[in-house]
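Engineer: Here it is, the structure in full.
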Amino acid sequence: MQKVRARVITGIQKSETPTAKDADEKKYSIADVLEPKYSISRLLEMKEMSTILPQCVESYKQNIVGFGLQLKYKNDETKDKETSEMIAEWNRVESALKYMHMEKSFIDILKDAIDDRETCGNGYIEVIRNGKKEVVELEKIEDASSIRVTKRGAAVDVTYYRDGQQFQRKKKFRRYVQIIYGNKVVWFKEFGDPRIMDMRNGNFDDSTPVEFQANEILHLKIGNGAYGVPRWISALMDMYGSRNASELNYRYFKQGRHLPAAILIKNGRLTEDSEAALSEYASSVE
């Protein structure tokens with residue numbers, strides 16, 4: 001009896017799980033840069049794929065800052081009369097909030113950052129200071145997937161103010177690096193880090209020229225890790241399944257139904273051209 005070899009012809013399957021092992025893996029080759037558990041870019045894409053996530057994110061934005069912000073004293077129960085120093089400080093803070101950005105309100109900046117935080121777990125705000133080390137501008141980082149986080153460095157002295165008193169404490173800070181278009185690198189220091197950093201290489205150097213001194217990043221994240229994880233992550237596979245089911249249903253009506261087929265050959269064999277044609281067709285079927 002003549003033996004016939006059977007071959008299964010299938011299309012190439014692509015994994016949809018948004019792990020960090022994506023095409024942007026090269027962005028983690030910089031020293032001390034940590035790799036997130038999930039691909040940030042893939043998580044951001046989920047907002048466009050899901051039928052419910054955009055509405056949930058919008059609800060968080062509205063409920064957190066959508067109703068406005070109110071400036072208040074730290075101690076609301078104080079019975080003390082306002083002093084001239086208190087009034088001057090109040091006016092400075094009020095003015096800073098009003099002019100924190102020339103094109104957007106302070107609330108809009110927070111909304112944009114919360115949008116990223118609720119979508120991918122991470123929202124980044126660039127903090128810009130003047131020559132007096134006063135915060136004068138906030139700028140939301142447009143692409144959250146372009147930011148990478150490093151390990152915590154050595155502890156440094158930080159000054160804290162509580163109830164009119166000054167305290168010195170040790171704190172470890174992270175560094176942030178933004179990778180744009182795969183090759184341009186810009187370094188940032190964590191918000192509150194008192195050291196001078198060179199934005200070109202991420203090194204702390206007091207002799208760095210003013211024009212190359214790094215700005216700070218305020219990292220809004222969900223969770224306690226180096227990177228945040230979105231609160232909807234447990235529903236990830238359900239969301240992918242729902243999306244794939246919708247796409248399958250759409251292709252059913254758009255392309256028509258494809259039935260499984262078997263080709264049986266008796267006392268003969270396919271030519272190489274025929275086998276190649278069938279293989280190409282099977283791979284193209286969705």
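A note on labels: chains of the structure tokens are A, B, ... as shown, every chain counts residues from 1, and ligands are counted from 1 in their shown order.
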For Ile222 (chain A), please output as JSON, numbers by chain all residues within 6 Å (counting only C-alpha atoms; exclusion window: fewer than 5 positions along the same chain).
Structural biologist: {"A": [121, 228, 229]}
Engineer: Could you write out that same residue set with all heavy atoms as a PDB file, in the first residue's frame?
Structural biologist:
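Output below, filename out-v2.pdb:
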```
ATOM      1  N   GLY A 121      -2.518  52.848  33.588  1.00  0.00           N
ATOM      2  CA  GLY A 121      -1.955  52.781  34.932  1.00  0.00           C
ATOM      3  C   GLY A 121      -0.938  53.857  35.240  1.00  0.00           C
ATOM      4  O   GLY A 121      -0.504  53.997  36.383  1.00  0.00           O
ATOM      5  N   GLY A 228       2.688  51.766  37.133  1.00  0.00           N
ATOM      6  CA  GLY A 228       1.326  51.488  37.566  1.00  0.00           C
ATOM      7  C   GLY A 228       0.676  50.420  36.707  1.00  0.00           C
ATOM      8  O   GLY A 228       1.125  50.138  35.589  1.00  0.00           O
ATOM      9  N   VAL A 229      -0.375  49.825  37.234  1.00  0.00           N
ATOM     10  CA  VAL A 229      -1.154  48.815  36.504  1.00  0.00           C
ATOM     11  C   VAL A 229      -2.608  49.263  36.523  1.00  0.00           C
ATOM     12  O   VAL A 229      -3.135  49.589  37.601  1.00  0.00           O
ATOM     13  CB  VAL A 229      -1.020  47.424  37.155  1.00  0.00           C
ATOM     14  CG1 VAL A 229      -1.886  46.399  36.423  1.00  0.00           C
ATOM     15  CG2 VAL A 229       0.433  46.973  37.154  1.00  0.00           C
TER      16      VAL A 229
END
```
Engineer: Got a sec: who's within 12 Å of Met86 (chain A), counting only C-alpha atoms, leaving out chain neighbours fewer than 4 positions off, as a list in words?
Structural biologist: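 The contact residues come out as Lys72, Tyr73, Lys74, Asp80, Lys81, Glu82, Trp90, Asn91, Arg92, Val93 and Gly164 of chain A.
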Engineer: Residues within 6 Å of region 112-118 of chain A, please, as a ChimeraX atom specification. Count only C-alpha atoms; anything in the same chain fewer than 3 positions from it doesn't count.
Structural biologist: /A:57,109,121-123,221,230
Engineer: Please dump the current selection as a PDB file, in the first residue's frame; keep N, CA and C atoms.
Structural biologist:
```pdb
ATOM      1  N   VAL A  57     -13.227  55.584  31.947  1.00  0.00           N
ATOM      2  CA  VAL A  57     -12.146  56.555  32.120  1.00  0.00           C
ATOM      3  C   VAL A  57     -12.710  57.963  32.233  1.00  0.00           C
ATOM      4  N   ILE A 109      -5.113  69.906  32.677  1.00  0.00           N
ATOM      5  CA  ILE A 109      -3.855  69.159  32.730  1.00  0.00           C
ATOM      6  C   ILE A 109      -4.018  67.900  33.569  1.00  0.00           C
ATOM      7  N   GLY A 121      -2.518  52.848  33.588  1.00  0.00           N
ATOM      8  CA  GLY A 121      -1.955  52.781  34.932  1.00  0.00           C
ATOM      9  C   GLY A 121      -0.938  53.857  35.240  1.00  0.00           C
ATOM     10  N   ASN A 122      -0.540  54.650  34.216  1.00  0.00           N
ATOM     11  CA  ASN A 122       0.518  55.645  34.392  1.00  0.00           C
ATOM     12  C   ASN A 122       0.169  56.960  33.705  1.00  0.00           C
ATOM     13  N   GLY A 123       0.245  58.042  34.455  1.00  0.00           N
ATOM     14  CA  GLY A 123       0.095  59.377  33.896  1.00  0.00           C
ATOM     15  C   GLY A 123       1.303  60.204  34.302  1.00  0.00           C
ATOM     16  N   LYS A 221       0.252  57.184  39.264  1.00  0.00           N
ATOM     17  CA  LYS A 221       0.162  55.774  38.922  1.00  0.00           C
ATOM     18  C   LYS A 221      -0.799  55.051  39.854  1.00  0.00           C
ATOM     19  N   PRO A 230      -3.278  49.315  35.368  1.00  0.00           N
ATOM     20  CA  PRO A 230      -4.664  49.802  35.351  1.00  0.00           C
ATOM     21  C   PRO A 230      -5.579  48.943  36.205  1.00  0.00           C
TER      22      PRO A 230
END
```
Engineer: When DSSP is applied to the backbone of this structure, which of region 24-121 of chain A are assigned helix (DSSP H, G or I)? Write them out as an NGL selection string.
Structural biologist: :A and (24-28 or 40-49 or 53-66 or 84-98 or 106-120)
Engineer: Which distance in Å separates CA of Glu35 (chain A) and CA of Ile147 (chain A), to one decimal?
Structural biologist: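 Between these atoms lies a distance of 10.9 Å.
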Engineer: I need the residues in region 7-173 of chain A that are strand (DSSP E) according to DSSP; give them as a ChimeraX atom specification.
Structural biologist: /A:122-129,135-140,147-149,156-162,165-171
Engineer: List the spatial neighbours of Asp32 (chain A) as a ChimeraX atom specification - criterion: any atom at most 9 Å away, only C-alpha atoms, same-chain residues fewer than 4 positions off excluded.
Structural biologist: /A:28,149-152
Engineer: Would you please work out which residue, of A:Gly192, A:Gly68, A:Gly153, A:Pro209, is nearest to Ile128 (chain A) when using only C-alpha atoms?
Structural biologist: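 Under the stated criterion, the closest residue is A:Gly192.
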Engineer: Of the residues A:Cys120, A:Ala282, A:Ile265, A:Met239, which is the one nearest to Gly223 (chain A), using only C-alpha atoms?
Structural biologist: A:Cys120
Engineer: Work out how far CA of Val185 (chain A) is from CA of Gly202 (chain A), in Å to one decimal.
Structural biologist: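 Separation between CA of Gly202 (chain A) and CA of Val185 (chain A): 9.7 Å.
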